[in-house]
Each structure stands twice: as C-alpha cells, then as structure tokens.
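Data block for run-v8.tsv (TSV, C-alpha atoms):
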chain	number	residue	atom	x	y	z
D	1	GLY	CA	32.87	11.05	-13.88
D	2	SER	CA	33.95	10.58	-17.48
D	3	TYR	CA	31.28	8.05	-18.52
D	4	PHE	CA	27.96	6.51	-17.58
D	5	VAL	CA	26.53	3.07	-18.29
D	6	THR	CA	23.13	1.90	-19.49
D	7	VAL	CA	21.78	-1.65	-19.47
D	8	GLY	CA	18.81	-3.49	-20.95
D	9	ASN	CA	17.89	-6.61	-22.83
D	10	ARG	CA	21.13	-7.92	-24.41
D	11	HIS	CA	22.58	-4.47	-23.83
D	12	VAL	CA	25.42	-3.05	-21.68
D	13	ARG	CA	26.76	0.20	-23.12
D	14	PHE	CA	29.32	2.74	-21.91
D	15	TRP	CA	28.76	6.39	-22.87
D	16	TYR	CA	31.84	8.61	-22.69
D	17	LEU	CA	31.72	12.34	-21.94
D	18	ASP	CA	34.17	14.77	-23.55
D	19	THR	CA	35.23	17.11	-20.74
D	20	SER	CA	38.41	18.37	-22.39
D	21	SER	CA	36.76	21.25	-24.27
D	22	LYS	CA	33.70	23.45	-23.91
D	23	VAL	CA	30.72	22.50	-26.03
D	24	SER	CA	28.47	25.31	-27.26
D	25	GLN	CA	25.69	23.08	-28.60
D	26	ALA	CA	24.25	19.64	-28.05
D	27	GLN	CA	26.24	16.80	-29.54
D	28	PRO	CA	25.27	13.13	-29.87
D	29	LEU	CA	27.11	10.70	-27.63
D	30	GLN	CA	28.90	7.72	-29.04
D	31	GLY	CA	28.28	4.64	-26.95
D	32	ARG	CA	30.46	1.56	-26.87
D	33	SER	CA	29.15	-1.87	-26.02
D	34	ALA	CA	30.73	-3.99	-23.33
D	35	VAL	CA	32.41	-7.26	-24.21
D	36	LEU	CA	29.76	-9.70	-22.98
D	37	GLY	CA	31.08	-12.99	-24.33
D	38	GLU	CA	28.84	-15.91	-23.39
D	39	HIS	CA	26.46	-13.53	-21.58
D	40	ARG	CA	25.48	-11.49	-24.64
D	41	GLY	CA	21.98	-12.99	-24.69
D	42	ARG	CA	21.15	-12.03	-21.10
D	43	ASN	CA	18.65	-9.45	-19.85
D	44	PHE	CA	20.61	-6.91	-17.79
D	45	VAL	CA	18.26	-5.19	-15.31
D	46	SER	CA	20.38	-2.87	-13.12
D	47	VAL	CA	23.84	-1.29	-13.06
D	48	ALA	CA	26.06	0.60	-10.61
D	49	CYS	CA	29.56	2.02	-10.93
D	50	GLY	CA	32.13	1.10	-8.31
D	51	GLY	CA	32.55	2.81	-4.95
D	52	GLU	CA	35.55	4.04	-2.99
D	53	ASN	CA	37.59	0.83	-3.26
D	54	SER	CA	36.37	-0.26	-6.72
D	55	SER	CA	36.11	2.98	-8.70
D	56	ALA	CA	37.50	1.38	-11.86
D	57	SER	CA	34.77	-1.29	-12.01
D	58	THR	CA	31.16	-1.41	-13.13
D	59	PHE	CA	28.73	-3.96	-11.69
D	60	VAL	CA	25.65	-5.32	-13.43
D	61	VAL	CA	22.95	-7.80	-12.40
D	62	THR	CA	20.90	-9.93	-14.78
D	63	SER	CA	17.28	-10.99	-14.57
D	64	ASN	CA	18.26	-14.63	-14.04
D	65	GLY	CA	20.35	-13.88	-10.93
D	66	LEU	CA	23.95	-13.18	-12.01
D	67	LEU	CA	26.32	-10.46	-10.80
D	68	LEU	CA	28.91	-9.34	-13.41
D	69	GLN	CA	31.95	-7.09	-13.04
D	70	PHE	CA	33.40	-5.03	-15.94
D	71	ASP	CA	36.68	-3.12	-15.97
D	72	GLU	CA	37.41	0.33	-17.46
D	73	GLN	CA	38.01	-1.27	-20.86
D	74	ARG	CA	34.45	-2.67	-20.84
D	75	ARG	CA	35.75	-6.21	-20.50
D	76	LEU	CA	34.03	-8.79	-18.34
D	77	GLU	CA	36.37	-9.59	-15.46
D	78	LYS	CA	34.35	-12.07	-13.41
D	79	PHE	CA	30.84	-13.05	-12.46
D	80	VAL	CA	29.06	-14.93	-9.65
D	81	THR	CA	25.60	-16.38	-9.15
D	82	LEU	CA	23.33	-14.78	-6.56
D	83	LYS	CA	21.61	-18.12	-5.85
D	84	THR	CA	18.19	-16.62	-6.41
D	85	PRO	CA	15.74	-16.98	-9.32
D	86	ARG	CA	15.84	-13.29	-10.27
D	87	ALA	CA	17.72	-10.11	-9.46
D	88	LEU	CA	16.10	-6.67	-9.72
D	89	SER	CA	18.40	-3.94	-8.38
D	90	ILE	CA	21.92	-3.10	-7.24
D	91	ALA	CA	23.76	-0.50	-5.14
D	92	VAL	CA	27.52	-0.22	-4.58
D	93	ASP	CA	29.74	1.49	-2.00
D	94	ARG	CA	32.12	-0.37	0.29
D	95	TYR	CA	30.07	-3.45	-0.54
D	96	ILE	CA	27.80	-4.56	-3.36
D	97	PHE	CA	24.12	-4.90	-2.41
D	98	CYS	CA	21.97	-6.92	-4.82
D	99	GLY	CA	18.19	-6.80	-4.46
D	100	CYS	CA	16.39	-9.96	-5.56
D	101	VAL	CA	12.98	-11.59	-5.50
D	102	ASP	CA	11.35	-12.88	-2.30
D	103	GLY	CA	12.91	-10.18	-0.10
D	104	VAL	CA	16.53	-11.30	-0.63
D	105	VAL	CA	19.40	-8.76	-0.51
D	106	ARG	CA	22.84	-10.32	-1.05
D	107	VAL	CA	26.05	-8.56	0.00
D	108	PHE	CA	29.34	-9.09	-1.89
D	109	ASP	CA	32.91	-7.80	-1.69
D	110	PRO	CA	33.51	-5.50	-4.72
D	111	CYS	CA	37.17	-6.50	-5.07
D	112	THR	CA	36.78	-10.27	-5.12
D	113	LEU	CA	33.01	-10.75	-5.69
D	114	SER	CA	33.05	-13.10	-2.71
D	115	TYR	CA	29.84	-13.51	-0.73
D	116	VAL	CA	29.76	-11.58	2.56
D	117	ALA	CA	26.24	-11.72	4.02
D	118	SER	CA	22.51	-11.41	3.40
D	119	LEU	CA	20.28	-8.72	4.86
D	120	PRO	CA	17.35	-9.65	7.12
D	121	TYR	CA	14.04	-10.34	5.45
D	122	PRO	CA	11.23	-7.76	5.52
D	123	HIS	CA	7.73	-8.62	6.74
D	124	PRO	CA	6.20	-11.83	5.35
D	125	LEU	CA	3.26	-11.51	2.97
D	126	GLY	CA	-0.16	-12.70	4.08
D	127	VAL	CA	0.51	-12.01	7.78
D	128	ASP	CA	-1.07	-9.27	9.92
D	129	VAL	CA	2.17	-7.40	10.52
D	130	ALA	CA	0.48	-4.85	12.78
D	131	SER	CA	-0.14	-7.60	15.36
D	132	ILE	CA	3.53	-8.63	15.48
D	133	ILE	CA	4.95	-6.81	18.51
D	134	ASP	CA	8.03	-9.00	19.08
D	135	THR	CA	9.90	-11.94	17.60
D	136	SER	CA	7.81	-14.49	19.52
D	137	SER	CA	4.57	-13.14	18.01
D	138	LEU	CA	6.24	-13.30	14.58
D	139	LEU	CA	6.86	-17.01	15.11
D	140	GLU	CA	3.27	-17.51	16.27
D	141	SER	CA	1.82	-15.66	13.27
D	142	THR	CA	3.86	-17.76	10.83
D	143	ASP	CA	3.37	-21.07	12.65
D	144	GLY	CA	2.11	-23.75	10.32
D	145	LYS	CA	3.15	-21.93	7.16
D	146	SER	CA	5.47	-24.30	5.30
D	147	GLU	CA	6.75	-21.65	2.91
D	148	LEU	CA	6.75	-17.96	3.76
D	149	THR	CA	6.84	-15.47	0.91
D	150	PHE	CA	8.30	-11.99	1.03
D	151	PRO	CA	7.95	-8.94	-1.24
D	152	ASP	CA	10.52	-8.52	-4.01
D	153	VAL	CA	13.25	-5.88	-3.64
D	154	SER	CA	12.31	-3.47	-6.43
D	155	ALA	CA	14.93	-0.75	-5.82
D	156	LEU	CA	17.95	0.06	-3.66
D	157	THR	CA	19.75	3.28	-2.78
D	158	LEU	CA	22.69	3.77	-0.45
D	159	GLU	CA	23.63	6.85	1.55
D	160	HIS	CA	27.40	6.83	2.01
D	161	ALA	CA	27.70	9.28	4.94
D	162	SER	CA	25.30	7.48	7.28
D	163	SER	CA	25.71	3.94	5.91
D	164	ARG	CA	21.95	3.63	5.41
D	165	LEU	CA	20.56	1.33	2.74
D	166	THR	CA	16.98	2.10	1.66
D	167	CYS	CA	15.04	-0.76	0.07
D	168	VAL	CA	11.74	-0.34	-1.76
D	169	TYR	CA	9.79	-3.59	-1.97
D	170	GLY	CA	7.24	-4.87	-4.43
D	171	ASP	CA	4.30	-4.25	-2.09
D	172	ARG	CA	5.34	-0.55	-1.88
D	173	SER	CA	6.77	-0.90	1.61
D	174	MET	CA	10.10	0.77	2.37
D	175	TYR	CA	12.82	-0.20	4.84
D	176	VAL	CA	15.91	1.72	5.92
D	177	TRP	CA	18.73	-0.57	7.06
D	178	ASP	CA	21.86	0.39	9.02
D	179	VAL	CA	24.67	-1.34	7.08
D	180	SER	CA	27.66	0.19	8.87
D	181	ASP	CA	28.42	-3.40	9.90
D	182	VAL	CA	27.06	-5.80	7.26
D	183	LEU	CA	27.39	-8.71	9.69
D	184	LYS	CA	25.09	-6.95	12.19
D	185	VAL	CA	22.51	-5.17	10.06
D	186	GLY	CA	19.78	-3.34	11.96
D	187	LYS	CA	16.49	-1.81	10.83
D	188	THR	CA	16.36	1.96	11.32
D	189	ARG	CA	12.83	2.65	9.99
D	190	SER	CA	10.19	0.88	7.96
D	191	PHE	CA	7.04	2.12	6.27
D	192	LEU	CA	4.21	-0.25	5.31
D	193	HIS	CA	2.09	1.59	2.76
D	194	HIS	CA	-0.86	0.39	0.71
D	195	ALA	CA	0.20	-1.74	-2.25
D	196	SER	CA	-2.10	0.20	-4.57
D	197	ALA	CA	-4.24	3.35	-4.81
D	198	ILE	CA	-5.97	4.81	-1.72
D	199	TRP	CA	-9.66	5.51	-2.38
D	200	ASP	CA	-11.03	6.76	0.94
D	201	ILE	CA	-9.88	8.12	4.28
D	202	GLU	CA	-11.83	8.35	7.53
D	203	ILE	CA	-10.94	10.07	10.81
D	204	TYR	CA	-11.68	7.97	13.89
D	205	PRO	CA	-14.12	9.93	16.12
D	206	GLU	CA	-13.00	11.32	19.45
D	207	ALA	CA	-14.38	9.62	22.54
D	208	ARG	CA	-17.32	11.31	24.13
D	209	LYS	CA	-16.92	12.78	27.58
D	210	GLY	CA	-16.98	10.04	30.20
D	211	SER	CA	-16.41	7.20	27.72
D	212	SER	CA	-13.27	5.40	26.57
D	213	SER	CA	-11.99	5.08	23.01
D	214	LEU	CA	-11.15	1.81	21.29
D	215	LEU	CA	-8.34	3.46	19.31
D	216	PRO	CA	-5.87	6.17	20.34
D	217	PRO	CA	-6.65	9.84	19.61
D	218	GLY	CA	-5.53	10.98	16.17
D	219	THR	CA	-6.17	7.63	14.51
D	220	PHE	CA	-7.27	7.68	10.87
D	221	ILE	CA	-8.29	4.87	8.51
D	222	THR	CA	-7.54	4.39	4.82
D	223	ALA	CA	-9.14	2.14	2.20
D	224	GLY	CA	-7.06	0.85	-0.69
D	225	ALA	CA	-7.35	-0.86	-4.04
D	226	ASP	CA	-5.20	-3.63	-2.53
D	227	SER	CA	-8.33	-4.82	-0.64
D	228	THR	CA	-6.96	-3.76	2.73
D	229	ILE	CA	-8.13	-1.29	5.37
D	230	ARG	CA	-5.29	0.26	7.36
D	231	PHE	CA	-5.43	2.07	10.68
D	232	TRP	CA	-2.77	4.72	11.27
D	233	ASN	CA	-1.66	6.93	14.13
D	234	VAL	CA	1.19	9.43	13.89
D	235	GLY	CA	1.14	10.54	17.55
D	236	SER	CA	3.40	9.23	20.29
D	237	GLU	CA	0.45	7.87	22.26
D	238	GLY	CA	-0.65	5.71	19.35
D	239	SER	CA	2.86	4.32	18.93
D	240	THR	CA	2.92	3.31	22.60
D	241	MET	CA	-0.48	1.61	22.61
D	242	PHE	CA	-0.06	-0.28	19.34
D	243	ARG	CA	3.67	-0.82	18.90
D	244	ASN	CA	4.76	-3.45	16.38
D	245	LEU	CA	8.03	-4.55	14.86
D	246	TYR	CA	7.52	-3.09	11.42
D	247	SER	CA	5.92	0.35	11.58
D	248	ARG	CA	5.64	3.17	14.09
D	249	GLU	CA	2.51	4.58	12.44
D	250	LEU	CA	0.56	1.47	11.47
D	251	VAL	CA	-1.99	0.40	14.11
D	252	ARG	CA	-3.86	-2.42	12.37
D	253	ILE	CA	-4.55	-4.01	8.96
D	254	ILE	CA	-7.82	-5.62	7.85
D	255	ASN	CA	-7.69	-7.72	4.69
D	256	VAL	CA	-11.31	-7.81	3.53
D	257	LEU	CA	-10.81	-10.80	1.20
D	258	LYS	CA	-9.26	-13.02	3.86
D	259	ASN	CA	-11.59	-15.86	4.90
D	260	ASN	CA	-14.45	-14.40	2.84
D	261	PRO	CA	-15.51	-17.06	0.32
D	262	ASP	CA	-19.08	-15.68	0.17
D	263	SER	CA	-18.12	-12.24	-1.14
D	264	VAL	CA	-18.50	-11.45	-4.82
D	265	ASN	CA	-15.23	-10.34	-6.37
D	266	ASP	CA	-13.70	-10.15	-9.80
D	267	GLY	CA	-10.03	-11.01	-9.48
D	268	ASP	CA	-8.01	-7.96	-8.49
D	269	SER	CA	-10.95	-5.56	-8.84
D	270	CYS	CA	-12.31	-6.07	-5.30
D	271	GLY	CA	-10.62	-3.04	-3.73
D	272	VAL	CA	-12.14	-1.17	-0.78
D	273	ARG	CA	-13.88	1.89	-2.20
D	274	ALA	CA	-15.66	3.56	0.76
D	275	LEU	CA	-15.41	3.72	4.57
D	276	ARG	CA	-17.51	4.99	7.46
D	277	VAL	CA	-17.07	4.66	11.24
D	278	SER	CA	-20.17	4.52	13.41
D	279	PRO	CA	-20.74	7.53	15.72
D	280	ASP	CA	-19.84	5.47	18.81
D	281	GLY	CA	-16.58	4.32	17.18
D	282	GLU	CA	-17.36	0.63	17.66
D	283	ARG	CA	-18.12	-0.41	14.06
D	284	LEU	CA	-16.53	0.20	10.68
D	285	ALA	CA	-18.53	-0.14	7.46
D	286	SER	CA	-16.74	-0.62	4.16
D	287	GLY	CA	-17.86	-1.05	0.57
D	288	ASP	CA	-15.83	-2.55	-2.26
D	289	ARG	CA	-15.79	-2.33	-6.04
D	290	SER	CA	-17.89	-5.48	-6.44
D	291	GLY	CA	-20.78	-4.11	-4.37
D	292	ASN	CA	-20.07	-5.99	-1.13
D	293	LEU	CA	-20.89	-4.21	2.13
D	294	ARG	CA	-18.91	-5.29	5.19
D	295	VAL	CA	-19.17	-4.24	8.82
D	296	HIS	CA	-16.30	-4.88	11.22
D	297	ASP	CA	-16.48	-4.89	15.00
D	298	LEU	CA	-13.63	-2.64	16.15
D	299	LYS	CA	-13.58	-4.17	19.64
D	300	ARG	CA	-12.29	-7.47	18.24
D	301	PHE	CA	-11.41	-6.38	14.68
D	302	GLU	CA	-13.64	-9.13	13.33
D	303	GLU	CA	-16.18	-9.09	10.54
D	304	ALA	CA	-19.68	-8.70	11.98
D	305	ALA	CA	-21.68	-8.65	8.73
D	306	LEU	CA	-21.28	-9.21	5.00
D	307	VAL	CA	-24.07	-8.04	2.68
D	308	LEU	CA	-24.07	-8.49	-1.11
D	309	ALA	CA	-25.62	-5.04	-1.41
D	310	HIS	CA	-25.09	-3.67	-4.93
D	311	ASP	CA	-24.41	-4.76	-8.49
D	312	ALA	CA	-21.61	-2.21	-8.93
D	313	GLU	CA	-19.00	-0.52	-6.76
D	314	ILE	CA	-20.14	1.17	-3.56
D	315	LEU	CA	-19.20	4.86	-3.67
D	316	SER	CA	-20.26	6.11	-0.23
D	317	LEU	CA	-21.57	4.99	3.17
D	318	ASP	CA	-23.03	6.75	6.19
D	319	PHE	CA	-24.32	5.86	9.65
D	320	SER	CA	-27.18	7.77	11.21
D	321	GLN	CA	-27.10	8.93	14.80
D	322	PRO	CA	-28.87	6.39	17.06
D	323	LEU	CA	-32.62	6.86	17.22
D	324	PRO	CA	-34.87	5.47	19.95
D	325	GLY	CA	-34.76	1.75	19.30
D	326	ARG	CA	-32.86	1.72	16.00
D	327	GLN	CA	-30.06	3.07	13.80
D	328	PHE	CA	-29.53	3.07	10.04
D	329	LEU	CA	-26.66	2.54	7.61
D	330	ALA	CA	-27.01	3.90	4.07
D	331	SER	CA	-25.01	2.87	1.00
D	332	CYS	CA	-24.95	4.29	-2.52
D	333	SER	CA	-23.47	2.84	-5.66
D	334	ARG	CA	-22.69	3.20	-9.31
D	335	ASP	CA	-25.78	1.03	-9.95
D	336	ARG	CA	-27.91	4.21	-9.28
D	337	LEU	CA	-29.42	2.84	-6.07
D	338	VAL	CA	-29.40	3.91	-2.41
D	339	HIS	CA	-29.94	1.16	0.16
D	340	VAL	CA	-30.89	1.72	3.80
D	341	PHE	CA	-30.06	-1.03	6.34
D	342	ASP	CA	-30.98	-1.57	9.96
D	343	THR	CA	-27.75	-1.77	12.00
D	344	GLU	CA	-29.18	-4.35	14.40
D	345	SER	CA	-29.30	-7.18	11.86
D	346	TYR	CA	-28.19	-5.35	8.67
D	347	ASP	CA	-31.42	-6.32	6.97
D	348	LEU	CA	-32.51	-4.15	4.07
D	349	VAL	CA	-35.07	-1.55	5.17
D	350	GLN	CA	-35.58	0.41	1.95
D	351	THR	CA	-34.18	0.81	-1.56
D	352	LEU	CA	-34.30	4.23	-3.22
D	353	GLY	CA	-34.02	4.35	-7.01
D	354	ASP	CA	-34.93	7.93	-7.88
D	355	HIS	CA	-31.55	8.85	-9.41
D	356	SER	CA	-30.87	8.21	-13.09
D	357	ALA	CA	-27.07	7.93	-12.85
D	358	ALA	CA	-24.40	6.79	-10.39
D	359	VAL	CA	-25.10	7.96	-6.84
D	360	THR	CA	-21.81	9.47	-5.68
D	361	ASP	CA	-22.49	10.38	-2.03
D	362	VAL	CA	-25.05	9.84	0.70
D	363	LYS	CA	-25.48	11.57	4.08
D	364	PHE	CA	-27.83	11.42	7.05
D	365	ALA	CA	-28.86	14.77	8.58
D	366	HIS	CA	-30.70	15.30	11.85
D	367	VAL	CA	-33.00	18.34	11.66
D	368	ASP	CA	-35.54	19.34	14.33
D	369	ALA	CA	-35.47	15.88	15.94
D	370	GLY	CA	-36.19	14.34	12.54
D	371	LEU	CA	-33.96	12.22	10.32
D	372	ASN	CA	-33.22	13.25	6.72
D	373	LEU	CA	-31.35	11.35	4.01
D	374	ILE	CA	-29.51	13.36	1.32
D	375	SER	CA	-27.90	11.93	-1.81
D	376	CYS	CA	-26.16	13.43	-4.84
D	377	SER	CA	-25.57	11.91	-8.24
D	378	ASN	CA	-23.93	12.20	-11.61
D	379	ASP	CA	-27.38	13.04	-12.96
D	380	LYS	CA	-26.67	16.59	-11.61
D	381	SER	CA	-29.28	16.35	-8.87
D	382	VAL	CA	-29.39	16.36	-5.06
D	383	MET	CA	-32.27	14.52	-3.37
D	384	PHE	CA	-33.56	15.45	0.11
D	385	ARG	CA	-35.68	12.82	1.88
D	386	SER	CA	-37.42	12.83	5.26
D	387	MET	CA	-38.27	9.77	7.31
D	388	HIS	CA	-41.98	9.11	7.81
D	389	GLU	CA	-43.04	5.92	9.60
D	390	ASP	CA	-39.67	4.18	9.06
D	391	THR	CA	-39.47	5.01	5.34
D	392	PHE	CA	-37.73	7.86	3.56
D	393	GLN	CA	-39.80	9.99	1.18
D	394	CYS	CA	-38.46	12.65	-1.19
D	395	THR	CA	-39.28	16.19	-0.07
D	396	HIS	CA	-36.93	18.28	-2.23
D	397	HIS	CA	-35.18	17.75	-5.54
D	398	VAL	CA	-32.46	20.20	-6.55
D	399	ALA	CA	-31.08	20.07	-10.11
D	400	GLY	CA	-27.71	21.65	-10.86
D	401	LYS	CA	-25.64	22.36	-13.94
D	402	SER	CA	-22.90	19.83	-13.26
D	403	SER	CA	-22.39	16.51	-11.53
D	404	CYS	CA	-22.05	16.51	-7.76
D	405	GLN	CA	-19.33	14.18	-6.48
D	406	SER	CA	-19.41	14.68	-2.71
D	407	MET	CA	-21.14	16.55	0.10
D	408	ALA	CA	-20.23	17.88	3.53
D	409	LEU	CA	-22.65	18.82	6.30
D	410	ALA	CA	-22.13	21.63	8.78
D	411	PRO	CA	-21.20	20.44	12.31
D	412	GLY	CA	-24.19	19.45	14.37
D	413	GLN	CA	-26.33	18.41	11.40
Mind converting the file's structure to structure tokens?
Amino acid sequence: GSYFVTVGNRHVRFWYLDTSSKVSQAQPLQGRSAVLGEHRGRNFVSVACGGENSSASTFVVTSNGLLLQFDEQRRLEKFVTLKTPRALSIAVDRYIFCGCVDGVVRVFDPCTLSYVASLPYPHPLGVDVASIIDTSSLLESTDGKSELTFPDVSALTLEHASSRLTCVYGDRSMYVWDVSDVLKVGKTRSFLHHASAIWDIEIYPEARKGSSSLLPPGTFITAGADSTIRFWNVGSEGSTMFRNLYSRELVRIINVLKNNPDSVNDGDSCGVRALRVSPDGERLASGDRSGNLRVHDLKRFEEAALVLAHDAEILSLDFSQPLPGRQFLASCSRDRLVHVFDTESYDLVQTLGDHSAAVTDVKFAHVDAGLNLISCSNDKSVMFRSMHEDTFQCTHHVAGKSSCQSMALAPGQ
C-alpha cells in the first residue's frame, strides 16, 4: 500500500509512504487530515481500508454509531447510521463488519453502504451458559428476563481465505464466525474465558477404584477475579458428557455473588482467590478477597455453606483426609490467622494466630496415623502443628531467610 490511516478524537489522518526512491535513514512522515465537514467534532474509534471490491475507499466508525466512507482524496463520500448507541471496531473485505455495543455486529455493502445483515448474538450476560445445551434450554434460561444484555464487541479481525470473522467481546470471550454467506452465518468455535485475572487452579481428583466420579477425568477448576469459578475439560469424554452451545471445553460456571446477599464484598473486589476440592470430589471450598468462605456441593452445584471467615482475603484452603467421625477444612488469610472448621457443620473449631504476617499457604499432612497442620507466612516462618485431643498445637517452628509463598507435600503425605 501507499498510505495508512490513523483515527482518534476529532482526528482522521492519511499518512503517505514514498516508495519511489530508497531511503537510507529515517524520515518523518507528513500526514494529511481528511475532509470531515460536519463530522469534524466526532470521536473516531476504528478504521479499515477497503477490500477487494472497494480498494479505493477507507471506512471509519465513530463512537456514537456512524459508519463513514472516504475516497482516495480523503473526502467524505457518504455515511450511514449503525442504529446502535456506540460502535467499537470495524473489519472490511467483501463486506463491512461493524462491531458495536451489546453484542451487535452490523454488515454493510462496501460499494453502496446499504445494510445487508446482522450477525447472531453471543451468549447473554448473567446466564449460566454452560447449562445451555440447545436452543430450547437457552429460551428456558432467559425466560422472564425482559431485557437481555450481551457483551460489547471490542475487536474484529477477518481472515480472507477461509471467510472466518473472529470477534473478541468485552467479557474476554472470543467467537469465530463463518461469514462465507452473510445471510447464513454459523459459529465455528467459541471460547468463554474468565473476564479478569485467574488466581487459582485446582485439578479435580480421580475417582477411587470402585467409585464413580461426579466430573469427567481430566477436569480442572479455575478461580477468577471476575467472581466466577469455572470447570474445564479438554478431553473428548468431557465434551460428550457436558456439551453446551457455547464452548467445547467449559463444563460449568459458578458465580459466587449470585443470590448471596449475606456475603461481605466491596464492589468489584470480591474475586475468588483460593480453591480446594475435597478428597472424595464431592465438595468445593472457595475463598474470596473479602474473607468469605464458601462450600459448594458438586452433586447439585449448589452452595452448601457460607462462612464470614476472615477480615482480609483468603489466600489458601485445604481439606484433611477423613478421620474417624470427622474431617477438617483449614483456611488462611492476609489477616495473619489460620482457621480450622469442622466439615459437618462448618463451625469454627480453632483459630491459630501464631504468625506475625500474612499466612500464604496451609496444608494438612497425615503422618503415622496422626494429623498435622502446616502453614507458611510472609514472616519467613513455617509452623508445624500436631493434633492433640481435637486441637492443633505447635511442635516445630522453622525460620527462613525469605518469605514462603506456597508449599507442596510429597504424594502420600
């Protein structure tokens, strides 16, 4: 090409490249502004040069939902409204694809700017997409919702050879659409990622010999700052057992803030920080940044317990192996405390406050038919405790030269 185009707030500029002679050193480019006319005060958010049947044109979308066409002389030829509050992205080939808010992708003819079609919507927000296995279950999951909302289309890219349009949405999900026929658009693949950082990952335990597993082999679980827990399986067996319309890998989603008015949270800060699956694979414990401890029953994927455990974020959790008559769940936090709960009622059994800084990890260890509790901290120490008459007492204290962030036990411990 002989030029490229940049856009911004009240800015559409063409930058021309001198290809007639060799240049031995860097030279500044001289840009020329487009003739914007009545649109000179607009915020231009995305630009694309024309495709195979519109190579002489440049197409721009504005933040308030307009599509503009410029010719080679930088003059505004025509414009149309996208009939949407905001536009965010654009891609051009045989057709113009405009990504907008609320999951809208409009398709236009590049020669006439006439409307052609709209792409299908992605998954609706606030719905358990992993439970939607067909169109009828989609209708059931959205029944009673007067206004569905969809993630914004943040970016578009088009592969000419295969006629695949890839859309990245505001919740960090990604869809690949087959646009070889824009009147019959089909979804090729979709990926439903976390909408924010991932803070913990847990492998679902294999079923013991002679027992069945609640989740398919190879399942793993992730905890995110978006306050969701997601169950994934990348094997063919998992895809068969838990098939849904939107993702081959996603098995289930738990939104920990949904229907939880009793939990303590501070706006967007209530992300899931720690995970642990019970040894029998039937329960999942999670801790969030506000100090809430939740336990979910994996048979029904329902919340079994909610404990306002700590005054700061929970950094680690661990289940003990079942003992005769009881089992324990331990949590540690940035508030310098370790709590031990009984898994029958999730009542507090003991609080350990012998660290002087954030407790970063906690582990149960079974040694010589006895139960030990080990914790490490930013105070550069590791505490070893043994259980005596249902309470844990410190038996060893190891001080290091640097903070200890995590621990791993040898198999069988």
What is the distance between CA of Gly224 (chain D) and CA of Gly287 (chain D), in Å to one decimal?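 Interatomic distance here is 11.0 Å.
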Can you pull out every residue within 12 Å of Ser403 (chain D), counting only C-alpha atoms, but drop anything in the same chain fewer than 2 positions away, and send it as a PDB file with C-alpha atoms, in the coordinates of the input?
ATOM      1  CA  SER D 356     -30.870   8.210 -13.090  1.00  0.00           C
ATOM      2  CA  ALA D 357     -27.070   7.930 -12.850  1.00  0.00           C
ATOM      3  CA  ALA D 358     -24.400   6.790 -10.390  1.00  0.00           C
ATOM      4  CA  VAL D 359     -25.100   7.960  -6.840  1.00  0.00           C
ATOM      5  CA  THR D 360     -21.810   9.470  -5.680  1.00  0.00           C
ATOM      6  CA  ASP D 361     -22.490  10.380  -2.030  1.00  0.00           C
ATOM      7  CA  CYS D 376     -26.160  13.430  -4.840  1.00  0.00           C
ATOM      8  CA  SER D 377     -25.570  11.910  -8.240  1.00  0.00           C
ATOM      9  CA  ASN D 378     -23.930  12.200 -11.610  1.00  0.00           C
ATOM     10  CA  ASP D 379     -27.380  13.040 -12.960  1.00  0.00           C
ATOM     11  CA  LYS D 380     -26.670  16.590 -11.610  1.00  0.00           C
ATOM     12  CA  SER D 381     -29.280  16.350  -8.870  1.00  0.00           C
ATOM     13  CA  VAL D 382     -29.390  16.360  -5.060  1.00  0.00           C
ATOM     14  CA  VAL D 398     -32.460  20.200  -6.550  1.00  0.00           C
ATOM     15  CA  ALA D 399     -31.080  20.070 -10.110  1.00  0.00           C
ATOM     16  CA  GLY D 400     -27.710  21.650 -10.860  1.00  0.00           C
ATOM     17  CA  LYS D 401     -25.640  22.360 -13.940  1.00  0.00           C
ATOM     18  CA  GLN D 405     -19.330  14.180  -6.480  1.00  0.00           C
ATOM     19  CA  SER D 406     -19.410  14.680  -2.710  1.00  0.00           C
ATOM     20  CA  MET D 407     -21.140  16.550   0.100  1.00  0.00           C
TER      21      MET D 407
END
Between CA of Gly186 (chain D) and CA of Pro120 (chain D), measure the distance and give it in Å to one decimal.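 Between these atoms lies a distance of 8.3 Å.
Coordinates place CA of Ile201 (chain D) at a distance of 8.2 Å from CA of Ala274 (chain D).
Between Arg248 (chain D) and the candidates D:His193, D:Arg74, D:Arg172, D:His160, the tightest atom-to-atom separation, counting all atoms listed in the file, involves D:His193.
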What residues have an atom no more than 10 Å from (19.9, -1.4, 3.6) in the file's own frame, counting only C-alpha atoms, and can you write them as a PyMOL selection string? chain D and resi 91+97+99+105+119-120+156-159+163-168+175-180+182+185-188
Give me the residues near Cys111 (chain D) as a list in words, where near means some atom within 10 Å (using all atoms listed in the file) and where sequence neighbours in that chain fewer than 5 positions away do not count.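 In the requested form, the answer reads Gly50, Asn53, Ser54, Ser57, Gln69, Arg94, Tyr95 and Ile96 of chain D.
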I'd like the contact shell of Pro217 (chain D) - 10 Å cut-off, only C-alpha atoms, skipping same-chain residues fewer than 4 positions apart - returned as number ranges by chain. D: 203-207, 213, 233-235, 237-238
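For the set D:Ser46, D:Ser247, D:Thr395, D:Ser402, the residue with the smallest atom-to-atom gap to Ser154 (chain D) is D:Ser46, counting only C-alpha atoms.
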Proximity to Arg42 (chain D) - best of D:Val256, D:Val7, D:Leu76, D:Leu275, all atoms listed in the file: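 Closest to Arg42 (chain D) of all the choices is D:Val7.
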Could you give me, as a PyMOL selection string, the residues within 6 Å of Tyr3 (chain D), counting only C-alpha atoms and dropping anything in the same chain fewer than 6 positions from it? chain D and resi 15-17
Save the residues we just selected, C-alpha atoms, as an mmCIF file, keeping the file's coordinate frame?
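Everything below was put into part16.cif:
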data_model
loop_
_atom_site.group_PDB
_atom_site.id
_atom_site.type_symbol
_atom_site.label_atom_id
_atom_site.label_comp_id
_atom_site.auth_asym_id
_atom_site.auth_seq_id
_atom_site.Cartn_x
_atom_site.Cartn_y
_atom_site.Cartn_z
ATOM 1 C CA TRP D 15 28.760 6.390 -22.870
ATOM 2 C CA TYR D 16 31.840 8.610 -22.690
ATOM 3 C CA LEU D 17 31.720 12.340 -21.940
#
Choose the residue, out of D:Thr149, D:Ser211, D:Asn244, D:Ser196, that has the smallest atom-to-atom separation from Val272 (chain D); count all atoms listed in the file.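 The shortest atom-to-atom distance to Val272 (chain D) comes from D:Ser196.
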